[in-house]
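Next comes input14.cif, with mmCIF, C-alpha atoms.
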```cif
data_input
#
loop_
_atom_site.group_PDB
_atom_site.id
_atom_site.type_symbol
_atom_site.label_atom_id
_atom_site.label_comp_id
_atom_site.auth_asym_id
_atom_site.auth_seq_id
_atom_site.Cartn_x
_atom_site.Cartn_y
_atom_site.Cartn_z
ATOM 1 C CA MET A 11 -75.891 -15.342 -63.939
ATOM 2 C CA ASP A 12 -76.939 -16.446 -60.493
ATOM 3 C CA VAL A 13 -77.633 -19.449 -58.298
ATOM 4 C CA VAL A 14 -80.721 -20.340 -56.294
ATOM 5 C CA LEU A 15 -79.655 -20.956 -52.699
ATOM 6 C CA SER A 16 -81.275 -23.487 -50.366
ATOM 7 C CA SER A 17 -83.058 -20.514 -48.766
ATOM 8 C CA GLY A 18 -84.904 -19.988 -52.054
ATOM 9 C CA HIS A 19 -83.156 -16.662 -52.720
ATOM 10 C CA ARG A 20 -81.054 -15.984 -55.810
ATOM 11 C CA MET A 21 -77.399 -14.944 -55.493
ATOM 12 C CA PRO A 22 -75.273 -13.487 -58.336
ATOM 13 C CA LEU A 23 -72.350 -15.818 -59.005
ATOM 14 C CA ILE A 24 -69.783 -13.017 -59.298
ATOM 15 C CA GLY A 25 -69.245 -10.836 -56.233
ATOM 16 C CA LEU A 26 -66.908 -7.894 -55.737
ATOM 17 C CA GLY A 27 -64.799 -8.107 -52.601
ATOM 18 C CA THR A 28 -64.396 -4.939 -50.552
ATOM 19 C CA PHE A 29 -61.428 -5.789 -48.324
ATOM 20 C CA THR A 30 -57.984 -4.400 -48.975
ATOM 21 C CA ILE A 31 -55.041 -3.123 -46.936
ATOM 22 C CA PRO A 32 -54.689 -0.197 -46.740
ATOM 23 C CA LEU A 33 -58.319 0.762 -47.288
ATOM 24 C CA PRO A 34 -58.795 3.817 -49.556
ATOM 25 C CA PRO A 35 -60.574 6.846 -48.044
ATOM 26 C CA PRO A 36 -64.374 6.402 -47.720
ATOM 27 C CA ASP A 37 -65.276 8.784 -50.579
ATOM 28 C CA MET A 38 -62.878 7.026 -52.934
ATOM 29 C CA LEU A 39 -64.261 3.639 -51.881
ATOM 30 C CA THR A 40 -67.822 4.788 -52.571
ATOM 31 C CA SER A 41 -66.744 5.960 -56.058
ATOM 32 C CA ILE A 42 -65.058 2.607 -56.731
ATOM 33 C CA PHE A 43 -68.200 0.690 -55.720
ATOM 34 C CA LEU A 44 -70.350 2.976 -57.898
ATOM 35 C CA GLU A 45 -68.022 2.268 -60.838
ATOM 36 C CA ALA A 46 -68.431 -1.452 -60.165
ATOM 37 C CA ILE A 47 -72.220 -1.109 -60.245
ATOM 38 C CA GLU A 48 -71.906 0.771 -63.558
ATOM 39 C CA GLU A 49 -69.769 -2.090 -64.910
ATOM 40 C CA GLY A 50 -72.488 -4.590 -63.987
ATOM 41 C CA TYR A 51 -71.574 -5.933 -60.536
ATOM 42 C CA ARG A 52 -74.677 -6.765 -58.517
ATOM 43 C CA HIS A 53 -73.141 -8.701 -55.613
ATOM 44 C CA PHE A 54 -70.879 -7.015 -53.057
ATOM 45 C CA ASP A 55 -69.094 -8.842 -50.258
ATOM 46 C CA THR A 56 -68.218 -6.938 -47.095
ATOM 47 C CA ALA A 57 -67.775 -7.724 -43.402
ATOM 48 C CA ALA A 58 -67.893 -6.012 -40.032
ATOM 49 C CA CYS A 59 -64.094 -6.134 -39.769
ATOM 50 C CA TYR A 60 -63.359 -4.772 -43.280
ATOM 51 C CA GLY A 61 -64.200 -1.139 -42.609
ATOM 52 C CA SER A 62 -66.027 -0.916 -45.953
ATOM 53 C CA GLU A 63 -69.675 -1.298 -44.909
ATOM 54 C CA GLY A 64 -70.326 2.458 -44.674
ATOM 55 C CA ALA A 65 -68.808 3.282 -48.063
ATOM 56 C CA LEU A 66 -70.682 0.396 -49.667
ATOM 57 C CA GLY A 67 -73.980 1.541 -48.157
ATOM 58 C CA ARG A 68 -73.460 5.043 -49.546
ATOM 59 C CA ALA A 69 -72.676 3.585 -52.984
ATOM 60 C CA VAL A 70 -75.932 1.608 -52.964
ATOM 61 C CA ALA A 71 -77.884 4.731 -51.952
ATOM 62 C CA GLU A 72 -76.226 6.792 -54.708
ATOM 63 C CA ALA A 73 -76.805 4.047 -57.285
ATOM 64 C CA LEU A 74 -80.501 4.128 -56.429
ATOM 65 C CA ASP A 75 -80.571 7.941 -56.640
ATOM 66 C CA GLN A 76 -78.826 7.898 -60.023
ATOM 67 C CA GLY A 77 -81.068 5.151 -61.397
ATOM 68 C CA LEU A 78 -78.157 2.725 -61.890
ATOM 69 C CA ILE A 79 -80.345 0.137 -60.131
ATOM 70 C CA GLU A 80 -84.121 0.282 -59.992
ATOM 71 C CA ASN A 81 -84.589 -0.842 -56.408
ATOM 72 C CA ARG A 82 -82.829 -2.414 -53.424
ATOM 73 C CA SER A 83 -83.731 -5.949 -54.531
ATOM 74 C CA HIS A 84 -81.505 -5.546 -57.610
ATOM 75 C CA ILE A 85 -78.335 -5.590 -55.532
ATOM 76 C CA PHE A 86 -77.076 -8.456 -53.344
ATOM 77 C CA ILE A 87 -75.151 -7.560 -50.189
ATOM 78 C CA THR A 88 -73.182 -10.086 -48.136
ATOM 79 C CA THR A 89 -71.726 -9.152 -44.761
ATOM 80 C CA LYS A 90 -70.231 -11.207 -41.945
ATOM 81 C CA LEU A 91 -70.271 -11.673 -38.193
ATOM 82 C CA TRP A 92 -66.796 -10.959 -36.810
ATOM 83 C CA CYS A 93 -65.172 -13.248 -34.238
ATOM 84 C CA THR A 94 -65.484 -10.778 -31.354
ATOM 85 C CA TYR A 95 -69.291 -11.066 -31.736
ATOM 86 C CA ALA A 96 -69.440 -14.835 -32.297
ATOM 87 C CA HIS A 97 -71.542 -15.439 -29.190
ATOM 88 C CA PRO A 98 -75.304 -16.154 -29.016
ATOM 89 C CA ASP A 99 -76.072 -12.856 -27.219
ATOM 90 C CA LEU A 100 -74.005 -10.718 -29.590
ATOM 91 C CA VAL A 101 -75.090 -11.910 -33.055
ATOM 92 C CA LEU A 102 -78.256 -9.833 -33.427
ATOM 93 C CA PRO A 103 -76.690 -6.619 -32.044
ATOM 94 C CA ALA A 104 -73.729 -7.134 -34.414
ATOM 95 C CA LEU A 105 -76.005 -7.483 -37.441
ATOM 96 C CA LYS A 106 -77.976 -4.389 -36.419
ATOM 97 C CA LYS A 107 -74.687 -2.435 -36.248
ATOM 98 C CA SER A 108 -73.745 -3.678 -39.731
ATOM 99 C CA LEU A 109 -77.178 -2.707 -41.074
ATOM 100 C CA LYS A 110 -76.810 0.760 -39.567
ATOM 101 C CA ARG A 111 -73.399 1.222 -41.192
ATOM 102 C CA LEU A 112 -74.795 -0.049 -44.512
ATOM 103 C CA GLY A 113 -77.942 2.068 -44.220
ATOM 104 C CA LEU A 114 -80.026 -0.978 -45.133
ATOM 105 C CA GLU A 115 -83.056 -2.707 -43.645
ATOM 106 C CA TYR A 116 -81.677 -6.170 -44.447
ATOM 107 C CA VAL A 117 -78.688 -7.956 -45.939
ATOM 108 C CA ASP A 118 -79.077 -10.648 -48.542
ATOM 109 C CA LEU A 119 -76.546 -12.970 -46.908
ATOM 110 C CA TYR A 120 -75.104 -12.997 -43.391
ATOM 111 C CA LEU A 121 -72.159 -15.296 -42.687
ATOM 112 C CA ILE A 122 -70.337 -16.430 -39.560
ATOM 113 C CA HIS A 123 -66.919 -15.169 -40.638
ATOM 114 C CA TRP A 124 -64.861 -17.871 -38.874
ATOM 115 C CA PRO A 125 -65.713 -20.899 -36.692
ATOM 116 C CA ALA A 126 -64.071 -19.084 -33.798
ATOM 117 C CA ARG A 127 -64.785 -16.649 -31.010
ATOM 118 C CA VAL A 128 -62.245 -14.028 -29.987
ATOM 119 C CA LYS A 129 -62.261 -11.964 -26.797
ATOM 120 C CA GLU A 130 -64.464 -8.881 -27.063
ATOM 121 C CA GLY A 131 -62.592 -5.670 -27.731
ATOM 122 C CA THR A 132 -59.725 -7.390 -29.567
ATOM 123 C CA GLU A 133 -58.369 -5.031 -32.224
ATOM 124 C CA GLY A 134 -56.756 -6.217 -35.443
ATOM 125 C CA PHE A 135 -55.767 -9.817 -36.074
ATOM 126 C CA ASP A 136 -53.350 -10.599 -33.246
ATOM 127 C CA PHE A 137 -55.374 -13.212 -31.373
ATOM 128 C CA LYS A 138 -52.603 -14.617 -29.185
ATOM 129 C CA GLY A 139 -54.223 -15.761 -25.939
ATOM 130 C CA LYS A 140 -57.591 -14.327 -26.994
ATOM 131 C CA VAL A 141 -59.298 -17.219 -28.835
ATOM 132 C CA LEU A 142 -62.201 -18.476 -26.702
ATOM 133 C CA PRO A 143 -64.417 -21.591 -26.900
ATOM 134 C CA PHE A 144 -66.948 -21.218 -29.729
ATOM 135 C CA ASP A 145 -70.600 -22.045 -29.010
ATOM 136 C CA MET A 146 -71.530 -23.142 -32.508
ATOM 137 C CA LYS A 147 -75.037 -24.323 -31.643
ATOM 138 C CA GLY A 148 -76.020 -21.169 -29.771
ATOM 139 C CA THR A 149 -74.390 -18.847 -32.287
ATOM 140 C CA TRP A 150 -76.195 -20.549 -35.179
ATOM 141 C CA GLU A 151 -79.527 -20.320 -33.333
ATOM 142 C CA ALA A 152 -78.927 -16.553 -33.126
ATOM 143 C CA MET A 153 -78.157 -16.488 -36.874
ATOM 144 C CA GLU A 154 -81.455 -18.278 -37.480
ATOM 145 C CA GLU A 155 -83.196 -15.581 -35.419
ATOM 146 C CA CYS A 156 -81.699 -12.936 -37.749
ATOM 147 C CA SER A 157 -83.238 -14.823 -40.648
ATOM 148 C CA LYS A 158 -86.643 -15.180 -38.965
ATOM 149 C CA LEU A 159 -86.695 -11.441 -38.222
ATOM 150 C CA GLY A 160 -86.129 -10.681 -41.913
ATOM 151 C CA LEU A 161 -82.807 -8.930 -41.244
ATOM 152 C CA ALA A 162 -80.870 -11.502 -43.304
ATOM 153 C CA MET A 163 -82.546 -13.107 -46.300
ATOM 154 C CA SER A 164 -80.071 -16.004 -46.251
ATOM 155 C CA ILE A 165 -77.578 -17.138 -43.619
ATOM 156 C CA GLY A 166 -74.413 -19.156 -43.927
ATOM 157 C CA VAL A 167 -70.853 -19.671 -42.799
ATOM 158 C CA SER A 168 -67.313 -18.979 -43.921
ATOM 159 C CA ASN A 169 -64.149 -21.035 -43.450
ATOM 160 C CA PHE A 170 -65.988 -24.104 -42.098
ATOM 161 C CA GLY A 171 -64.561 -27.566 -42.795
ATOM 162 C CA THR A 172 -66.537 -30.772 -43.247
ATOM 163 C CA LYS A 173 -66.578 -31.790 -39.550
ATOM 164 C CA LYS A 174 -67.786 -28.396 -38.386
ATOM 165 C CA LEU A 175 -70.471 -28.342 -41.065
ATOM 166 C CA SER A 176 -71.673 -31.788 -40.015
ATOM 167 C CA GLN A 177 -71.802 -30.650 -36.364
ATOM 168 C CA LEU A 178 -73.763 -27.570 -37.385
ATOM 169 C CA LEU A 179 -76.237 -29.515 -39.500
ATOM 170 C CA VAL A 180 -77.130 -31.732 -36.513
ATOM 171 C CA HIS A 181 -78.633 -28.706 -34.734
ATOM 172 C CA ALA A 182 -79.664 -26.396 -37.573
ATOM 173 C CA THR A 183 -83.346 -25.844 -38.298
ATOM 174 C CA ILE A 184 -82.272 -23.524 -41.143
ATOM 175 C CA PRO A 185 -79.240 -25.080 -42.876
ATOM 176 C CA PRO A 186 -76.420 -22.784 -43.993
ATOM 177 C CA ALA A 187 -77.103 -21.636 -47.558
ATOM 178 C CA VAL A 188 -73.451 -20.806 -48.303
ATOM 179 C CA ASN A 189 -69.969 -21.773 -47.148
ATOM 180 C CA GLN A 190 -67.479 -19.132 -48.298
ATOM 181 C CA VAL A 191 -63.966 -20.580 -48.313
ATOM 182 C CA GLU A 192 -60.556 -20.139 -49.852
ATOM 183 C CA MET A 193 -60.822 -21.834 -53.245
ATOM 184 C CA ASN A 194 -58.787 -21.461 -56.402
ATOM 185 C CA LEU A 195 -56.818 -23.604 -58.823
ATOM 186 C CA ALA A 196 -53.945 -23.842 -56.322
ATOM 187 C CA TRP A 197 -56.337 -24.904 -53.521
ATOM 188 C CA GLN A 198 -59.197 -26.741 -55.172
ATOM 189 C CA GLN A 199 -61.079 -27.967 -52.072
ATOM 190 C CA GLU A 200 -62.477 -31.040 -53.814
ATOM 191 C CA LYS A 201 -63.419 -32.937 -50.621
ATOM 192 C CA LEU A 202 -65.175 -29.938 -49.087
ATOM 193 C CA ARG A 203 -66.977 -29.073 -52.337
ATOM 194 C CA THR A 204 -68.233 -32.649 -52.689
ATOM 195 C CA TYR A 205 -69.533 -32.624 -49.111
ATOM 196 C CA CYS A 206 -71.274 -29.262 -49.567
ATOM 197 C CA ARG A 207 -72.859 -30.397 -52.839
ATOM 198 C CA GLU A 208 -74.304 -33.460 -51.095
ATOM 199 C CA LYS A 209 -75.734 -31.261 -48.318
ATOM 200 C CA GLY A 210 -77.147 -28.537 -50.569
ATOM 201 C CA ILE A 211 -74.671 -25.902 -49.359
ATOM 202 C CA HIS A 212 -73.399 -23.552 -52.054
ATOM 203 C CA VAL A 213 -69.623 -23.002 -52.063
ATOM 204 C CA SER A 214 -68.384 -19.487 -52.719
ATOM 205 C CA ALA A 215 -64.689 -18.841 -53.299
ATOM 206 C CA TRP A 216 -62.653 -16.165 -51.615
ATOM 207 C CA SER A 217 -59.137 -15.541 -52.942
ATOM 208 C CA PRO A 218 -60.181 -17.053 -56.314
ATOM 209 C CA LEU A 219 -56.886 -15.951 -57.918
ATOM 210 C CA ALA A 220 -54.748 -17.047 -54.914
ATOM 211 C CA ALA A 221 -52.716 -13.844 -54.877
ATOM 212 C CA ASN A 222 -53.114 -11.461 -51.970
ATOM 213 C CA GLY A 223 -49.760 -9.763 -51.882
ATOM 214 C CA ALA A 224 -49.922 -9.035 -48.158
ATOM 215 C CA ALA A 225 -49.028 -11.516 -45.434
ATOM 216 C CA TRP A 226 -50.476 -14.526 -47.253
ATOM 217 C CA GLY A 227 -51.401 -15.833 -50.676
ATOM 218 C CA SER A 228 -49.163 -16.834 -53.556
ATOM 219 C CA LEU A 229 -48.598 -16.410 -57.272
ATOM 220 C CA ALA A 230 -49.335 -20.109 -57.890
ATOM 221 C CA VAL A 231 -52.327 -19.211 -60.059
ATOM 222 C CA MET A 232 -51.352 -15.949 -61.741
ATOM 223 C CA GLU A 233 -47.827 -17.183 -62.596
ATOM 224 C CA SER A 234 -48.809 -20.750 -63.547
ATOM 225 C CA PRO A 235 -47.216 -21.764 -66.878
ATOM 226 C CA LEU A 236 -50.149 -24.104 -67.551
ATOM 227 C CA LEU A 237 -52.699 -21.358 -66.976
ATOM 228 C CA LYS A 238 -50.705 -18.983 -69.176
ATOM 229 C CA GLU A 239 -50.650 -21.603 -71.932
ATOM 230 C CA ILE A 240 -54.419 -22.162 -71.769
ATOM 231 C CA ALA A 241 -55.082 -18.409 -71.589
ATOM 232 C CA VAL A 242 -53.055 -17.744 -74.752
ATOM 233 C CA ALA A 243 -54.833 -20.576 -76.582
ATOM 234 C CA LYS A 244 -58.246 -19.198 -75.555
ATOM 235 C CA GLY A 245 -57.396 -15.569 -76.166
ATOM 236 C CA LYS A 246 -58.220 -14.852 -72.515
ATOM 237 C CA SER A 247 -56.347 -13.566 -69.480
ATOM 238 C CA VAL A 248 -54.974 -15.904 -66.818
ATOM 239 C CA ALA A 249 -57.484 -14.425 -64.358
ATOM 240 C CA GLN A 250 -60.388 -15.155 -66.725
ATOM 241 C CA VAL A 251 -59.324 -18.793 -67.120
ATOM 242 C CA ALA A 252 -58.938 -19.179 -63.334
ATOM 243 C CA LEU A 253 -62.358 -17.650 -62.678
ATOM 244 C CA ARG A 254 -64.015 -19.645 -65.462
ATOM 245 C CA TRP A 255 -62.692 -22.834 -63.818
ATOM 246 C CA ILE A 256 -64.442 -21.898 -60.543
ATOM 247 C CA TYR A 257 -67.654 -21.122 -62.441
ATOM 248 C CA GLU A 258 -67.508 -24.508 -64.187
ATOM 249 C CA GLN A 259 -67.239 -26.225 -60.786
ATOM 250 C CA GLY A 260 -70.661 -24.791 -59.928
ATOM 251 C CA SER A 261 -69.220 -22.335 -57.403
ATOM 252 C CA SER A 262 -69.427 -18.564 -57.160
ATOM 253 C CA PHE A 263 -66.488 -16.297 -56.404
ATOM 254 C CA ILE A 264 -65.615 -13.042 -54.681
ATOM 255 C CA VAL A 265 -63.016 -11.239 -56.748
ATOM 256 C CA LYS A 266 -61.281 -8.152 -55.404
ATOM 257 C CA SER A 267 -60.041 -5.579 -57.847
ATOM 258 C CA PHE A 268 -60.519 -1.838 -57.632
ATOM 259 C CA ASN A 269 -58.999 -1.385 -61.113
ATOM 260 C CA LYS A 270 -61.747 -0.607 -63.650
ATOM 261 C CA ASP A 271 -60.238 -2.638 -66.519
ATOM 262 C CA ARG A 272 -59.704 -5.692 -64.316
ATOM 263 C CA MET A 273 -63.198 -5.281 -62.857
ATOM 264 C CA ARG A 274 -64.570 -5.427 -66.392
ATOM 265 C CA GLY A 275 -62.370 -8.359 -67.403
ATOM 266 C CA ASN A 276 -63.373 -10.408 -64.365
ATOM 267 C CA LEU A 277 -66.990 -10.283 -65.531
ATOM 268 C CA GLN A 278 -66.138 -11.682 -68.964
ATOM 269 C CA ILE A 279 -66.198 -15.394 -68.242
ATOM 270 C CA LEU A 280 -69.323 -16.344 -70.187
ATOM 271 C CA GLY A 281 -69.761 -17.411 -73.801
ATOM 272 C CA TRP A 282 -66.745 -19.741 -73.832
ATOM 273 C CA GLU A 283 -65.628 -22.782 -71.884
ATOM 274 C CA LEU A 284 -62.664 -24.892 -70.910
ATOM 275 C CA SER A 285 -62.191 -28.190 -72.722
ATOM 276 C CA GLN A 286 -62.293 -31.519 -70.915
ATOM 277 C CA GLU A 287 -58.560 -31.811 -71.518
ATOM 278 C CA ASP A 288 -58.009 -28.358 -69.976
ATOM 279 C CA LEU A 289 -60.044 -29.335 -66.927
ATOM 280 C CA GLU A 290 -58.117 -32.600 -66.451
ATOM 281 C CA ARG A 291 -54.763 -30.847 -66.675
ATOM 282 C CA LEU A 292 -55.848 -28.087 -64.302
ATOM 283 C CA LYS A 293 -57.031 -30.685 -61.797
ATOM 284 C CA LEU A 294 -53.859 -32.778 -61.887
ATOM 285 C CA GLN A 295 -50.950 -30.488 -62.740
ATOM 286 C CA ILE A 296 -51.193 -27.546 -60.348
ATOM 287 C CA PRO A 297 -49.525 -28.128 -56.932
ATOM 288 C CA GLN A 298 -52.007 -27.728 -54.078
ATOM 289 C CA LYS A 299 -51.302 -25.530 -51.072
ATOM 290 C CA ARG A 300 -53.563 -23.499 -48.809
ATOM 291 C CA GLY A 301 -52.769 -19.804 -49.120
ATOM 292 C CA TYR A 302 -53.903 -18.829 -45.635
ATOM 293 C CA ALA A 303 -53.356 -21.401 -42.893
ATOM 294 C CA GLY A 304 -55.103 -19.422 -40.142
ATOM 295 C CA GLU A 305 -52.159 -19.482 -37.748
ATOM 296 C CA ASN A 306 -53.545 -16.622 -35.647
ATOM 297 C CA TYR A 307 -56.398 -18.910 -34.518
ATOM 298 C CA ILE A 308 -53.959 -21.587 -33.308
ATOM 299 C CA SER A 309 -52.657 -21.667 -29.724
ATOM 300 C CA GLU A 310 -51.718 -24.264 -27.135
ATOM 301 C CA ASP A 311 -54.307 -22.949 -24.661
ATOM 302 C CA GLY A 312 -57.084 -22.285 -27.208
ATOM 303 C CA PRO A 313 -59.764 -24.484 -28.792
ATOM 304 C CA TYR A 314 -57.610 -25.038 -31.913
ATOM 305 C CA LYS A 315 -54.188 -26.384 -31.060
ATOM 306 C CA THR A 316 -53.205 -27.304 -34.626
ATOM 307 C CA VAL A 317 -53.956 -26.119 -38.140
ATOM 308 C CA ASP A 318 -55.577 -29.508 -38.820
ATOM 309 C CA GLU A 319 -58.027 -28.940 -35.968
ATOM 310 C CA LEU A 320 -59.017 -25.559 -37.414
ATOM 311 C CA TRP A 321 -59.556 -26.973 -40.910
ATOM 312 C CA ASP A 322 -60.933 -30.398 -39.860
ATOM 313 C CA GLY A 323 -58.012 -32.089 -41.584
ATOM 314 C CA ASP A 324 -59.618 -31.397 -44.978
ATOM 315 C CA PRO A 325 -57.046 -31.665 -47.760
#
```
As structure tokens - that is how I would like this structure written.
Amino acid sequence: MDVVLSSGHRMPLIGLGTFTIPLPPPDMLTSIFLEAIEEGYRHFDTAACYGSEGALGRAVAEALDQGLIENRSHIFITTKLWCTYAHPDLVLPALKKSLKRLGLEYVDLYLIHWPARVKEGTEGFDFKGKVLPFDMKGTWEAMEECSKLGLAMSIGVSNFGTKKLSQLLVHATIPPAVNQVEMNLAWQQEKLRTYCREKGIHVSAWSPLAANGAAWGSLAVMESPLLKEIAVAKGKSVAQVALRWIYEQGSSFIVKSFNKDRMRGNLQILGWELSQEDLERLKLQIPQKRGYAGENYISEDGPYKTVDELWDGDP
């Protein structure tokens, strides 16, 4: 169950996210990722700022040693360029650091994590007064260099709206293969998905169940009466219905659960489908609201003075 990206490479449609707060100890994380490989996950999504690259790399090495996967090409690894390195001169060094932590010669997908640059050395997510002008053209040229060097099989972006994508496409000699964005039944991203489809950019969903439980997210999906009704009728879980909806939109998703039963359940979205009536109701009856507005990127003296500027005014 995968998709062929514009780069020509295949990407599994279901990815396991590796970001959580607090992060379990490295050995426990490695065990969790090994369990996920045993359950059938073949796509793992990490990032420089997650703190999970090392544990994931060890899990891949152990999976190879144990024969859980035959060779490196049987697992798909996505990692991301963090904002403190979103500068033309820093992209390649940042990827090399990620590869070292992962213990890999290449990643399958490398994404610009946000369309933003933050002052070097910034720790955590308090960006007040630290968001700098973002050289999109130069940064993307450096991403293309990573691709040409064979260090990233595919390159793409994350959290880019339609205007930023159109600006990027003007300069790109290698178009972004993926745009990973917040997408779920409570934030359906129809305008952005339509644009990406027209441009051959695959949309991958982060926060596909809307709930984060930390400083952002909501229970608009997991507590939806409509979703509960459809789930009961289908004999499925609410999460399975929500993930099946994303799959039926032609998108992939990054689902984060370190619970073995939920890991297994999140894979079980094939062999059944939502009816046309279900799809119509899900499109029209669930209130739409972005779970994460990105307020920490907004400041009066920075490049993004409003939330609309960050998100290109996309509904």
Residues returned when the PyMOL selection byres ((chain A and resi 252) around 10) runs on this file, as a PyMOL selection string: chain A and resi 194-196+218-220+231-232+237+241+247-251+253-257+276+279+292
Which residue, A:Val101, A:Leu78, A:Leu23, A:Ile165, has the smallest gap to Met11 of chain A when you use all atoms listed in the file? A:Leu23
Could you pull the residues within 12 Å of Thr204 of chain A, counting only C-alpha atoms, minus those fewer than 6 positions along the same chain, as a PyMOL selection string? chain A and resi 171-172+198+210-213+259-261+324
Identify which of the residues A:Trp197, A:Phe43, A:Tyr314, A:Phe54 lies closest to Lys140 of chain A, counting all atoms listed in the file when measuring atom-to-atom distances. A:Tyr314
Run the PyMOL selection byres ((chain A and resi 116-121) around 6) against the file shown and list the residues it catches, as a PyMOL selection string. chain A and resi 86-90+114-115+122-123+161-167
Using the chain letters and numbers from the file, give me the residues hit by the PyMOL selection byres ((chain A and resi 41) around 12), as an MDAnalysis selection string. chainID A and resid 34:40 42:48 65:73 268:270
Keeping only C-alpha atoms, take the residues you just selected and write them out as a compact mmCIF listing (two decimals), in the frame of the given file.
```txt
# COMPACT_ATOMS: atom_id res chain seq x y z
CA PRO A 34 -58.80 3.82 -49.56
CA PRO A 35 -60.57 6.85 -48.04
CA PRO A 36 -64.37 6.40 -47.72
CA ASP A 37 -65.28 8.78 -50.58
CA MET A 38 -62.88 7.03 -52.93
CA LEU A 39 -64.26 3.64 -51.88
CA THR A 40 -67.82 4.79 -52.57
CA ILE A 42 -65.06 2.61 -56.73
CA PHE A 43 -68.20 0.69 -55.72
CA LEU A 44 -70.35 2.98 -57.90
CA GLU A 45 -68.02 2.27 -60.84
CA ALA A 46 -68.43 -1.45 -60.16
CA ILE A 47 -72.22 -1.11 -60.24
CA GLU A 48 -71.91 0.77 -63.56
CA ALA A 65 -68.81 3.28 -48.06
CA LEU A 66 -70.68 0.40 -49.67
CA GLY A 67 -73.98 1.54 -48.16
CA ARG A 68 -73.46 5.04 -49.55
CA ALA A 69 -72.68 3.58 -52.98
CA VAL A 70 -75.93 1.61 -52.96
CA ALA A 71 -77.88 4.73 -51.95
CA GLU A 72 -76.23 6.79 -54.71
CA ALA A 73 -76.81 4.05 -57.28
CA PHE A 268 -60.52 -1.84 -57.63
CA ASN A 269 -59.00 -1.38 -61.11
CA LYS A 270 -61.75 -0.61 -63.65
```
Find the residues around Tyr95 of chain A up to 10 Å (all atoms listed in the file counted), leave out those fewer than 5 positions away in its own chain, and share them as a VMD selection string. chain A and resid 58 100 to 105 122 126 to 131 149
Any idea what the distance is between atom CA of Asp145 of chain A and atom CA of Pro125 of chain A?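 Distance between the two atoms: 9.2 Å.
When atom CA of Trp216 of chain A is paired with atom CA of Gly160 of chain A, their separation reads 26.0 Å.
Atom CA of Lys158 of chain A to atom CA of Ile184 of chain A spans 9.7 Å [interatomic distance, one decimal].
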Leaving out Tyr307 of chain A and any residue of its chain fewer than 3 positions from it, which residues lie within 7 Å of it when counting all atoms listed in the file, given as an MDAnalysis selection string? chainID A and resid 137 141 304 314
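The closest residue to Ser16 of chain A, picked from A:Lys299, A:Lys209, A:Arg111, A:Lys315 and counting all atoms listed in the file, is A:Lys209.
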Rank A:Ser267, A:Leu280, A:Ser176, A:Pro297 by their smallest atom-to-atom distance to Ser234 of chain A, using all atoms listed in the file, and report the top residue only.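 Nearest to Ser234 of chain A: A:Pro297.
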